[in-house]
file my_file-v1.cif (mmCIF, C-alpha atoms)
data_input
loop_
_atom_site.label_atom_id
_atom_site.label_comp_id
_atom_site.auth_asym_id
_atom_site.auth_seq_id
_atom_site.Cartn_x
_atom_site.Cartn_y
_atom_site.Cartn_z
CA MET A 1 26.86 27.84 -26.42
CA LYS A 2 24.68 26.86 -29.37
CA ASN A 3 21.56 26.18 -27.37
CA SER A 4 18.91 23.83 -28.73
CA ASN A 5 17.05 23.39 -25.45
CA GLN A 6 14.49 26.18 -25.46
CA SER A 7 11.08 24.77 -24.43
CA LYS A 8 12.59 21.27 -24.18
CA SER A 9 11.63 18.95 -21.32
CA VAL A 10 14.62 18.03 -19.14
CA LEU A 11 14.97 15.75 -16.11
CA VAL A 12 18.04 16.22 -13.89
CA THR A 13 18.72 13.83 -11.02
CA GLY A 14 20.72 15.07 -8.05
CA GLY A 15 19.52 18.54 -8.95
CA THR A 16 19.63 20.16 -5.51
CA ASN A 17 23.39 20.43 -5.08
CA GLY A 18 26.67 20.97 -6.90
CA ILE A 19 26.89 20.40 -10.63
CA GLY A 20 23.34 19.04 -10.79
CA LEU A 21 21.94 22.26 -9.36
CA VAL A 22 24.04 24.40 -11.71
CA THR A 23 22.95 22.31 -14.69
CA ALA A 24 19.28 22.55 -13.75
CA ARG A 25 19.53 26.29 -13.17
CA GLU A 26 21.34 27.06 -16.42
CA LEU A 27 19.04 24.86 -18.52
CA ALA A 28 16.08 26.67 -16.94
CA ARG A 29 17.75 29.96 -17.84
CA MET A 30 17.93 28.74 -21.45
CA GLY A 31 14.16 28.20 -21.39
CA ALA A 32 13.99 24.46 -20.78
CA GLN A 33 11.15 22.94 -18.76
CA VAL A 34 13.27 21.44 -15.99
CA THR A 35 12.32 18.81 -13.43
CA ILE A 36 14.80 18.03 -10.66
CA VAL A 37 14.89 14.81 -8.67
CA SER A 38 16.38 14.45 -5.20
CA ARG A 39 15.65 12.71 -1.92
CA ASN A 40 14.59 15.60 0.33
CA ALA A 41 11.25 17.18 -0.58
CA GLU A 42 11.88 20.33 1.45
CA LYS A 43 15.26 20.92 -0.19
CA CYS A 44 13.80 20.18 -3.63
CA ALA A 45 11.11 22.81 -3.09
CA ALA A 46 13.62 25.39 -1.87
CA VAL A 47 15.97 24.82 -4.81
CA ALA A 48 13.12 24.90 -7.34
CA GLU A 49 11.96 28.22 -5.91
CA ALA A 50 15.50 29.62 -5.91
CA ILE A 51 15.98 28.65 -9.58
CA LYS A 52 12.65 30.24 -10.49
CA THR A 53 13.67 33.45 -8.71
CA ASN A 54 17.10 33.40 -10.40
CA THR A 55 15.94 32.61 -13.94
CA GLY A 56 12.29 33.58 -14.11
CA ASN A 57 11.49 30.05 -15.27
CA PRO A 58 9.43 27.68 -13.06
CA VAL A 59 11.07 24.37 -12.13
CA GLU A 60 9.29 21.19 -11.08
CA PHE A 61 10.62 18.67 -8.61
CA ILE A 62 10.14 15.04 -7.66
CA ALA A 63 11.24 13.88 -4.22
CA ALA A 64 12.49 10.29 -4.51
CA ASP A 65 15.24 8.14 -3.00
CA LEU A 66 17.12 6.94 -6.07
CA SER A 67 19.11 4.38 -4.09
CA THR A 68 15.96 2.25 -3.89
CA LEU A 69 14.08 0.44 -6.63
CA ALA A 70 10.78 1.81 -5.30
CA GLY A 71 12.14 5.36 -5.31
CA ILE A 72 13.35 5.05 -8.90
CA ASN A 73 10.00 3.65 -9.97
CA ASN A 74 8.24 6.50 -8.18
CA ALA A 75 10.40 9.10 -9.93
CA ALA A 76 9.73 7.63 -13.38
CA THR A 77 6.01 7.12 -12.77
CA THR A 78 5.54 10.63 -11.39
CA PHE A 79 7.38 12.20 -14.30
CA LYS A 80 5.31 10.29 -16.87
CA GLN A 81 2.09 11.23 -15.10
CA ARG A 82 3.02 14.88 -15.56
CA HIS A 83 4.73 14.80 -18.96
CA THR A 84 4.36 13.08 -22.31
CA CYS A 85 7.71 14.38 -23.56
CA LEU A 86 11.31 14.02 -22.32
CA ASP A 87 13.99 15.55 -24.51
CA VAL A 88 16.96 15.27 -22.14
CA LEU A 89 17.64 12.91 -19.23
CA VAL A 90 20.64 13.85 -17.09
CA ASN A 91 21.66 10.99 -14.77
CA ASN A 92 23.75 12.79 -12.18
CA ALA A 93 22.72 11.59 -8.71
CA GLY A 94 25.48 9.62 -7.02
CA ALA A 95 27.64 9.35 -3.92
CA MET A 96 30.66 7.71 -2.33
CA PHE A 97 30.41 5.66 0.87
CA TYR A 98 33.46 5.16 3.06
CA ARG A 99 31.97 2.11 4.77
CA ARG A 100 29.93 -0.60 3.10
CA LYS A 101 26.21 -0.20 3.64
CA LEU A 102 23.17 -1.78 2.05
CA THR A 103 20.03 -0.27 0.58
CA VAL A 104 16.56 -1.36 1.66
CA ASP A 105 16.65 -3.74 -1.33
CA GLY A 106 19.81 -5.37 0.03
CA TYR A 107 22.23 -3.93 -2.54
CA GLU A 108 25.54 -2.23 -1.78
CA MET A 109 24.80 1.49 -1.68
CA THR A 110 27.49 2.76 -4.07
CA PHE A 111 26.59 0.24 -6.77
CA ALA A 112 22.86 0.81 -6.27
CA LEU A 113 22.87 4.60 -6.35
CA ASN A 114 25.64 5.14 -8.89
CA HIS A 115 24.78 2.40 -11.37
CA LEU A 116 21.46 0.62 -10.81
CA ASN A 117 19.80 4.02 -10.46
CA TYR A 118 21.01 5.09 -13.92
CA PHE A 119 20.15 1.72 -15.42
CA LEU A 120 16.62 1.43 -14.05
CA LEU A 121 15.54 5.07 -14.35
CA THR A 122 16.73 5.22 -17.95
CA SER A 123 14.99 1.93 -18.77
CA LEU A 124 11.70 3.16 -17.29
CA LEU A 125 11.88 6.42 -19.24
CA LEU A 126 13.03 5.00 -22.59
CA ASP A 127 9.52 4.91 -24.03
CA VAL A 128 8.97 8.63 -23.52
CA LEU A 129 12.52 9.44 -24.66
CA LYS A 130 12.01 7.51 -27.89
CA ALA A 131 8.64 9.18 -28.44
CA SER A 132 10.37 12.57 -28.01
CA ALA A 133 13.26 11.86 -30.40
CA PRO A 134 15.61 13.47 -31.10
CA ALA A 135 16.39 13.08 -27.41
CA ARG A 136 19.51 12.81 -25.27
CA ILE A 137 20.72 10.78 -22.30
CA VAL A 138 23.64 12.28 -20.38
CA ASN A 139 25.36 10.04 -17.82
CA VAL A 140 27.76 11.58 -15.32
CA SER A 141 30.72 9.25 -14.79
CA SER A 142 34.21 10.07 -13.48
CA GLY A 143 37.87 9.85 -14.39
CA SER A 144 38.14 7.34 -11.56
CA HIS A 145 36.80 4.73 -13.99
CA LEU A 146 40.20 4.78 -15.74
CA ARG A 147 41.82 2.72 -12.96
CA ALA A 148 38.80 0.53 -12.25
CA SER A 149 37.76 -2.99 -13.18
CA LEU A 150 34.63 -5.06 -12.72
CA ASP A 151 34.76 -8.09 -10.47
CA PHE A 152 31.47 -9.94 -10.81
CA GLU A 153 32.44 -12.15 -7.86
CA ASN A 154 32.71 -9.05 -5.66
CA LEU A 155 30.42 -6.64 -7.50
CA GLN A 156 28.82 -5.34 -4.31
CA GLY A 157 31.73 -5.70 -1.94
CA GLU A 158 30.49 -9.04 -0.66
CA LYS A 159 34.02 -10.40 -0.13
CA HIS A 160 35.95 -7.21 0.54
CA TYR A 161 35.09 -3.52 0.35
CA HIS A 162 37.13 -0.39 -0.27
CA PHE A 163 35.28 2.83 -0.94
CA MET A 164 37.53 4.01 -3.78
CA GLN A 165 37.37 0.61 -5.49
CA ALA A 166 33.58 0.55 -5.15
CA TYR A 167 33.27 4.09 -6.49
CA GLY A 168 35.63 3.52 -9.43
CA GLN A 169 33.79 0.32 -10.34
CA SER A 170 30.44 2.13 -10.32
CA LYS A 171 31.85 4.87 -12.58
CA LEU A 172 33.23 2.26 -14.98
CA ALA A 173 29.76 0.73 -14.98
CA ASN A 174 28.37 4.13 -16.02
CA VAL A 175 30.60 4.20 -19.11
CA LEU A 176 29.96 0.56 -20.02
CA PHE A 177 26.23 1.16 -19.63
CA THR A 178 26.39 4.29 -21.79
CA TYR A 179 28.19 2.53 -24.63
CA GLU A 180 25.90 -0.50 -24.56
CA LEU A 181 22.83 1.75 -24.35
CA SER A 182 24.06 3.70 -27.36
CA ARG A 183 24.41 0.47 -29.35
CA ARG A 184 20.92 -0.66 -28.39
CA LEU A 185 19.40 2.73 -29.25
CA GLU A 186 20.94 2.89 -32.72
CA GLY A 187 18.42 4.28 -35.17
CA SER A 188 16.02 5.44 -32.44
CA GLY A 189 16.99 9.10 -32.49
CA VAL A 190 18.02 8.92 -28.83
CA THR A 191 21.70 9.53 -28.04
CA ALA A 192 23.64 8.42 -24.97
CA ASN A 193 26.93 9.93 -23.82
CA ALA A 194 28.98 9.86 -20.62
CA LEU A 195 31.21 12.51 -19.10
CA HIS A 196 33.81 13.31 -16.48
CA PRO A 197 33.01 16.68 -14.84
CA GLY A 198 36.47 17.03 -13.33
CA THR A 199 37.13 17.04 -9.60
CA VAL A 200 34.56 19.47 -8.25
CA ALA A 201 34.17 21.13 -4.85
CA THR A 202 30.61 20.23 -3.81
CA GLY A 203 28.89 18.47 -0.92
CA PHE A 204 29.75 15.16 -2.58
CA ALA A 205 31.08 12.44 -0.23
CA ARG A 206 30.41 14.47 2.91
CA ASN A 207 28.12 11.77 4.23
CA ASN A 208 31.06 9.80 5.68
CA GLY A 209 31.83 11.24 9.09
CA LEU A 210 33.73 14.21 10.52
CA LEU A 211 37.32 13.27 9.64
CA PHE A 212 36.43 12.32 6.07
CA ASN A 213 34.42 15.53 5.72
CA LEU A 214 37.30 17.67 6.95
CA GLY A 215 39.69 16.05 4.48
CA THR A 216 37.21 16.51 1.65
CA LYS A 217 36.61 20.13 2.59
CA PHE A 218 40.35 20.90 2.63
CA ALA A 219 40.97 19.13 -0.68
CA GLY A 220 38.03 21.04 -2.13
CA LEU A 221 40.05 24.26 -1.91
CA PHE A 222 41.97 23.00 -4.94
CA PHE A 223 39.00 21.62 -6.90
CA ARG A 224 36.84 23.12 -9.64
CA LYS A 225 33.83 25.19 -8.72
CA PRO A 226 30.44 23.63 -9.54
CA GLU A 227 29.92 26.20 -12.31
CA GLN A 228 33.07 24.88 -14.02
CA GLY A 229 32.26 21.24 -13.38
CA ALA A 230 28.79 21.58 -14.89
CA GLN A 231 29.99 22.88 -18.26
CA THR A 232 30.34 19.48 -19.96
CA MET A 233 26.92 18.39 -18.66
CA LEU A 234 25.40 21.57 -20.09
CA PHE A 235 27.25 21.09 -23.35
CA LEU A 236 25.95 17.55 -23.83
CA ALA A 237 22.43 18.49 -22.73
CA SER A 238 22.01 21.58 -24.87
CA ASN A 239 24.60 22.15 -27.59
CA SER A 240 23.34 21.59 -31.13
CA ASP A 241 26.79 20.43 -32.26
CA VAL A 242 26.37 17.15 -30.34
CA GLU A 243 22.72 16.54 -31.14
CA VAL A 244 23.49 13.36 -33.09
CA VAL A 245 26.73 12.36 -31.32
CA THR A 246 26.37 9.16 -29.32
CA GLY A 247 28.41 6.51 -27.53
CA LYS A 248 31.18 8.91 -26.49
CA TYR A 249 32.94 9.93 -23.29
CA PHE A 250 33.50 13.65 -22.75
CA PHE A 251 35.73 15.85 -20.62
CA ASP A 252 35.92 19.63 -20.86
CA CYS A 253 33.31 19.60 -23.64
CA LYS A 254 35.43 17.35 -25.87
CA ALA A 255 35.18 13.65 -26.68
CA VAL A 256 38.19 11.90 -25.10
CA ASP A 257 39.37 8.33 -24.66
CA SER A 258 37.83 6.29 -21.88
CA SER A 259 39.59 3.25 -20.45
CA PRO A 260 40.29 0.26 -22.73
CA LEU A 261 38.13 -1.88 -20.44
CA SER A 262 35.15 0.41 -20.98
CA HIS A 263 35.13 -0.61 -24.66
CA ASP A 264 34.82 -4.33 -23.87
CA GLN A 265 31.45 -5.13 -25.42
CA ALA A 266 31.21 -8.59 -23.86
CA LEU A 267 31.78 -7.02 -20.43
CA ALA A 268 29.10 -4.41 -21.11
CA GLU A 269 26.62 -7.08 -22.18
CA LYS A 270 27.32 -9.11 -19.06
CA LEU A 271 26.87 -6.05 -16.84
CA TRP A 272 23.59 -5.33 -18.62
CA GLN A 273 22.29 -8.83 -17.92
CA VAL A 274 23.46 -8.80 -14.29
CA SER A 275 21.75 -5.43 -13.84
CA LEU A 276 18.51 -6.78 -15.31
CA ASP A 277 18.67 -9.72 -12.95
CA LEU A 278 19.19 -7.45 -9.94
CA ILE A 279 16.33 -5.07 -10.64
CA GLY A 280 14.02 -8.02 -11.31
CA LYS A 281 10.36 -7.07 -11.18
CA ALA A 282 11.14 -3.35 -10.89
CA LEU A 283 10.93 -3.05 -14.68
#
call {"tool": "encode", "arguments": {"input": "my_file-v1.cif", "output": "structure tokens"}}
result
Amino acid sequence: MKNSNQSKSVLVTGGTNGIGLVTARELARMGAQVTIVSRNAEKCAAVAEAIKTNTGNPVEFIAADLSTLAGINNAATTFKQRHTCLDVLVNNAGAMFYRRKLTVDGYEMTFALNHLNYFLLTSLLLDVLKASAPARIVNVSSGSHLRASLDFENLQGEKHYHFMQAYGQSKLANVLFTYELSRRLEGSGVTANALHPGTVATGFARNNGLLFNLGTKFAGLFFRKPEQGAQTMLFLASNSDVEVVTGKYFFDCKAVDSSPLSHDQALAEKLWQVSLDLIGKAL
């Protein structure tokens, strides 16, 4: 790997488990100043200490619930109180919910955590990213976006809810957001790319009850290990070959085609406006 991340400031959300943890650990090993964000303060502290022990490089953490607007604001505010520079933002935190549930803000959980989280956190950190240019935004999406569509009349499962449909829609939103963000950041020195990590065996989606967990655990025997799944995230966050590449979708460290729908600029602009309307005064 052609590493350009030594002494760079990096923020990784969902950094206490799976591919987020591997990405945080390996970027710390490369010499980056890593901050991880996750919900549980005790787990954050334990992971930060484990990474320090493993790499010899201290890691900071911010405990924040990124499914809530207040939690996202807290994460951004805390980071900017500590740092004046952000070279790489890795939006990785996400989940899948078998049954429809709402956040404290009244939004459907999958849409809130998987999309509004990326949208708001990135927006709140854009000033420091631009001031740190050249800088990178790395958004973790999924191949499930390929079969997804956006239904603005049922964006949050108000009329009917299916967990795979909700998840695929949120991952399509990640790609649409990335492409629109890249267009809006043109000339700023800040790049934005999305990726599919592959199907990875982690703790992902094990918040949905015993039977679902057992099925996920069994299927995980055939999935990639987190170390494999994190490779494209690491590539986009640190490789000098993609320092100026933007507005692309990657899999296995290569730019690949995303769905035709993900290239619909009018759809991306509408999603952007709907997202702004939903986060309201949080910006």
call {"tool": "resolve_selection", "arguments": {"input": "my_file-v1.cif", "expression": "the PyMOL selection byres ((chain A and resi 272-281) around 9)", "output": "list in words"}}
result
Leu69, Tyr107, His115, Leu116, Phe119, Leu120, Phe152, Leu176, Phe177, Glu180, Leu267, Ala268, Glu269, Lys270, Leu271, Ala282 and Leu283 of chain A
call {"tool": "closest_atom_pairs", "arguments": {"input": "my_file-v1.cif", "of": "range 158-188 of chain A", "to": "range 95-101 of chain A", "cutoff": "9 Å", "atoms": "only C-alpha atoms", "output": "Markdown table"}}
result
| residue | atom | partner | partner_atom | distance |
| --- | --- | --- | --- | --- |
| A:Tyr161 | CA | A:Arg100 | CA | 6.5 |
| A:His162 | CA | A:Tyr98 | CA | 7.4 |
| A:Phe163 | CA | A:Tyr98 | CA | 5.0 |
| A:Met164 | CA | A:Met96 | CA | 7.9 |
| A:Ala166 | CA | A:Met96 | CA | 8.2 |
| A:Tyr167 | CA | A:Met96 | CA | 6.1 |
call {"tool": "write_last_selection", "arguments": {"input": "my_file-v1.cif", "atoms": "C-alpha atoms", "output": "PDB file, in the frame of the given file"}}
result
ATOM      1  CA  TYR A 161      35.090  -3.520   0.350  1.00  0.00           C
ATOM      2  CA  HIS A 162      37.130  -0.390  -0.270  1.00  0.00           C
ATOM      3  CA  PHE A 163      35.280   2.830  -0.940  1.00  0.00           C
ATOM      4  CA  MET A 164      37.530   4.010  -3.780  1.00  0.00           C
ATOM      5  CA  ALA A 166      33.580   0.550  -5.150  1.00  0.00           C
ATOM      6  CA  TYR A 167      33.270   4.090  -6.490  1.00  0.00           C
TER       7      TYR A 167
END
call {"tool": "closest_residue", "arguments": {"input": "my_file-v1.cif", "among": "A:Ser170, A:Thr16, A:Thr103, A:Ser259", "to": "Ala41 in chain A", "atoms": "all atoms listed in the file"}}
result
A:Thr16
call {"tool": "closest_residue", "arguments": {"input": "my_file-v1.cif", "among": "A:Asn117, A:Lys254, A:Thr68, A:Gln228", "to": "Ile19 in chain A", "atoms": "only C-alpha atoms"}}
result
A:Gln228
call {"tool": "atom_distance", "arguments": {"input": "my_file-v1.cif", "atom1": "CA of Leu181 in chain A", "atom2": "CA of His263 in chain A"}}
result
12.5 Å
call {"tool": "closest_residue", "arguments": {"input": "my_file-v1.cif", "among": "A:Ile36, A:Gly18, A:Val128, A:Asn54", "to": "Gln81 in chain A", "atoms": "only C-alpha atoms"}}
result
A:Val128
call {"tool": "closest_residue", "arguments": {"input": "my_file-v1.cif", "among": "A:Ala70, A:Val190, A:Leu146, A:Leu27", "to": "Asp127 in chain A", "atoms": "all atoms listed in the file"}}
result
A:Val190
call {"tool": "atom_distance", "arguments": {"input": "my_file-v1.cif", "atom1": "CA of Asp87 in chain A", "atom2": "CA of Arg39 in chain A"}}
result
22.8 Å
call {"tool": "closest_residue", "arguments": {"input": "my_file-v1.cif", "among": "A:Leu66, A:Ala48, A:Val37, A:Ile137", "to": "Gly15 in chain A", "atoms": "only C-alpha atoms"}}
result
A:Val37
call {"tool": "resolve_selection", "arguments": {"input": "my_file-v1.cif", "expression": "the PyMOL selection byres ((chain A and resi 84) around 10)", "output": "MDAnalysis selection string"}}
result
chainID A and resid 9 79:83 85:86 127:129 131:132
call {"tool": "atom_distance", "arguments": {"input": "my_file-v1.cif", "atom1": "CA of Asp252 in chain A", "atom2": "CA of Leu195 in chain A"}}
result
8.7 Å
call {"tool": "resolve_selection", "arguments": {"input": "my_file-v1.cif", "expression": "the PyMOL selection byres ((chain A and resi 45) around 12)", "output": "short mmCIF file (atom, residue, chain, number, x, y, z; two decimals) with C-alpha atoms, in the coordinates of the input"}}
result
data_model
loop_
_atom_site.label_atom_id
_atom_site.label_comp_id
_atom_site.auth_asym_id
_atom_site.auth_seq_id
_atom_site.Cartn_x
_atom_site.Cartn_y
_atom_site.Cartn_z
CA GLY A 15 19.52 18.54 -8.95
CA THR A 16 19.63 20.16 -5.51
CA THR A 35 12.32 18.81 -13.43
CA ILE A 36 14.80 18.03 -10.66
CA VAL A 37 14.89 14.81 -8.67
CA SER A 38 16.38 14.45 -5.20
CA ARG A 39 15.65 12.71 -1.92
CA ASN A 40 14.59 15.60 0.33
CA ALA A 41 11.25 17.18 -0.58
CA GLU A 42 11.88 20.33 1.45
CA LYS A 43 15.26 20.92 -0.19
CA CYS A 44 13.80 20.18 -3.63
CA ALA A 46 13.62 25.39 -1.87
CA VAL A 47 15.97 24.82 -4.81
CA ALA A 48 13.12 24.90 -7.34
CA GLU A 49 11.96 28.22 -5.91
CA ALA A 50 15.50 29.62 -5.91
CA ILE A 51 15.98 28.65 -9.58
CA LYS A 52 12.65 30.24 -10.49
CA PRO A 58 9.43 27.68 -13.06
CA VAL A 59 11.07 24.37 -12.13
CA GLU A 60 9.29 21.19 -11.08
CA PHE A 61 10.62 18.67 -8.61
CA ILE A 62 10.14 15.04 -7.66
CA ALA A 63 11.24 13.88 -4.22
#
call {"tool": "closest_residue", "arguments": {"input": "my_file-v1.cif", "among": "A:Met109, A:Ala32, A:Ala133, A:Leu150", "to": "Asp264 in chain A", "atoms": "only C-alpha atoms"}}
result
A:Leu150
call {"tool": "build_atoms", "arguments": {"input": "my_file-v1.cif", "residues": "range 174-194 of chain A", "atoms": "N, CA and C atoms", "output": "PDB file, in the coordinates of the input"}}
result
ATOM      1  N   ASN A 174      29.069   3.049 -15.317  1.00  0.00           N
ATOM      2  CA  ASN A 174      28.370   4.130 -16.020  1.00  0.00           C
ATOM      3  C   ASN A 174      28.802   4.212 -17.488  1.00  0.00           C
ATOM      4  N   VAL A 175      30.103   4.092 -17.740  1.00  0.00           N
ATOM      5  CA  VAL A 175      30.600   4.200 -19.110  1.00  0.00           C
ATOM      6  C   VAL A 175      30.205   2.968 -19.915  1.00  0.00           C
ATOM      7  N   LEU A 176      30.365   1.788 -19.341  1.00  0.00           N
ATOM      8  CA  LEU A 176      29.960   0.560 -20.020  1.00  0.00           C
ATOM      9  C   LEU A 176      28.470   0.594 -20.361  1.00  0.00           C
ATOM     10  N   PHE A 177      27.671   1.040 -19.407  1.00  0.00           N
ATOM     11  CA  PHE A 177      26.230   1.160 -19.630  1.00  0.00           C
ATOM     12  C   PHE A 177      25.928   2.141 -20.757  1.00  0.00           C
ATOM     13  N   THR A 178      26.608   3.275 -20.758  1.00  0.00           N
ATOM     14  CA  THR A 178      26.390   4.290 -21.790  1.00  0.00           C
ATOM     15  C   THR A 178      26.689   3.739 -23.176  1.00  0.00           C
ATOM     16  N   TYR A 179      27.808   3.063 -23.319  1.00  0.00           N
ATOM     17  CA  TYR A 179      28.190   2.530 -24.630  1.00  0.00           C
ATOM     18  C   TYR A 179      27.222   1.443 -25.101  1.00  0.00           C
ATOM     19  N   GLU A 180      26.830   0.561 -24.188  1.00  0.00           N
ATOM     20  CA  GLU A 180      25.900  -0.500 -24.560  1.00  0.00           C
ATOM     21  C   GLU A 180      24.520   0.088 -24.878  1.00  0.00           C
ATOM     22  N   LEU A 181      24.110   1.075 -24.098  1.00  0.00           N
ATOM     23  CA  LEU A 181      22.830   1.750 -24.350  1.00  0.00           C
ATOM     24  C   LEU A 181      22.838   2.410 -25.725  1.00  0.00           C
ATOM     25  N   SER A 182      23.942   3.056 -26.051  1.00  0.00           N
ATOM     26  CA  SER A 182      24.060   3.700 -27.360  1.00  0.00           C
ATOM     27  C   SER A 182      23.922   2.685 -28.489  1.00  0.00           C
ATOM     28  N   ARG A 183      24.535   1.516 -28.325  1.00  0.00           N
ATOM     29  CA  ARG A 183      24.410   0.470 -29.350  1.00  0.00           C
ATOM     30  C   ARG A 183      22.969   0.005 -29.483  1.00  0.00           C
ATOM     31  N   ARG A 184      22.294  -0.168 -28.360  1.00  0.00           N
ATOM     32  CA  ARG A 184      20.920  -0.660 -28.390  1.00  0.00           C
ATOM     33  C   ARG A 184      19.921   0.381 -28.889  1.00  0.00           C
ATOM     34  N   LEU A 185      20.285   1.656 -28.812  1.00  0.00           N
ATOM     35  CA  LEU A 185      19.400   2.730 -29.250  1.00  0.00           C
ATOM     36  C   LEU A 185      19.674   3.181 -30.682  1.00  0.00           C
ATOM     37  N   GLU A 186      20.581   2.500 -31.356  1.00  0.00           N
ATOM     38  CA  GLU A 186      20.940   2.890 -32.720  1.00  0.00           C
ATOM     39  C   GLU A 186      19.697   2.966 -33.605  1.00  0.00           C
ATOM     40  N   GLY A 187      19.552   4.087 -34.279  1.00  0.00           N
ATOM     41  CA  GLY A 187      18.420   4.280 -35.170  1.00  0.00           C
ATOM     42  C   GLY A 187      17.167   4.820 -34.511  1.00  0.00           C
ATOM     43  N   SER A 188      17.203   4.982 -33.179  1.00  0.00           N
ATOM     44  CA  SER A 188      16.020   5.440 -32.440  1.00  0.00           C
ATOM     45  C   SER A 188      15.895   6.951 -32.376  1.00  0.00           C
ATOM     46  N   GLY A 189      16.996   7.651 -32.649  1.00  0.00           N
ATOM     47  CA  GLY A 189      16.990   9.100 -32.490  1.00  0.00           C
ATOM     48  C   GLY A 189      17.322   9.552 -31.085  1.00  0.00           C
ATOM     49  N   VAL A 190      17.631   8.597 -30.211  1.00  0.00           N
ATOM     50  CA  VAL A 190      18.020   8.920 -28.830  1.00  0.00           C
ATOM     51  C   VAL A 190      19.522   8.664 -28.678  1.00  0.00           C
ATOM     52  N   THR A 191      20.260   9.670 -28.238  1.00  0.00           N
ATOM     53  CA  THR A 191      21.700   9.530 -28.040  1.00  0.00           C
ATOM     54  C   THR A 191      22.018   9.269 -26.584  1.00  0.00           C
ATOM     55  N   ALA A 192      23.187   8.686 -26.335  1.00  0.00           N
ATOM     56  CA  ALA A 192      23.640   8.420 -24.970  1.00  0.00           C
ATOM     57  C   ALA A 192      25.142   8.700 -24.897  1.00  0.00           C
ATOM     58  N   ASN A 193      25.525   9.595 -24.011  1.00  0.00           N
ATOM     59  CA  ASN A 193      26.930   9.930 -23.820  1.00  0.00           C
ATOM     60  C   ASN A 193      27.253  10.021 -22.331  1.00  0.00           C
ATOM     61  N   ALA A 194      28.508   9.775 -22.000  1.00  0.00           N
ATOM     62  CA  ALA A 194      28.980   9.860 -20.620  1.00  0.00           C
ATOM     63  C   ALA A 194      29.995  10.988 -20.512  1.00  0.00           C
TER      64      ALA A 194
END
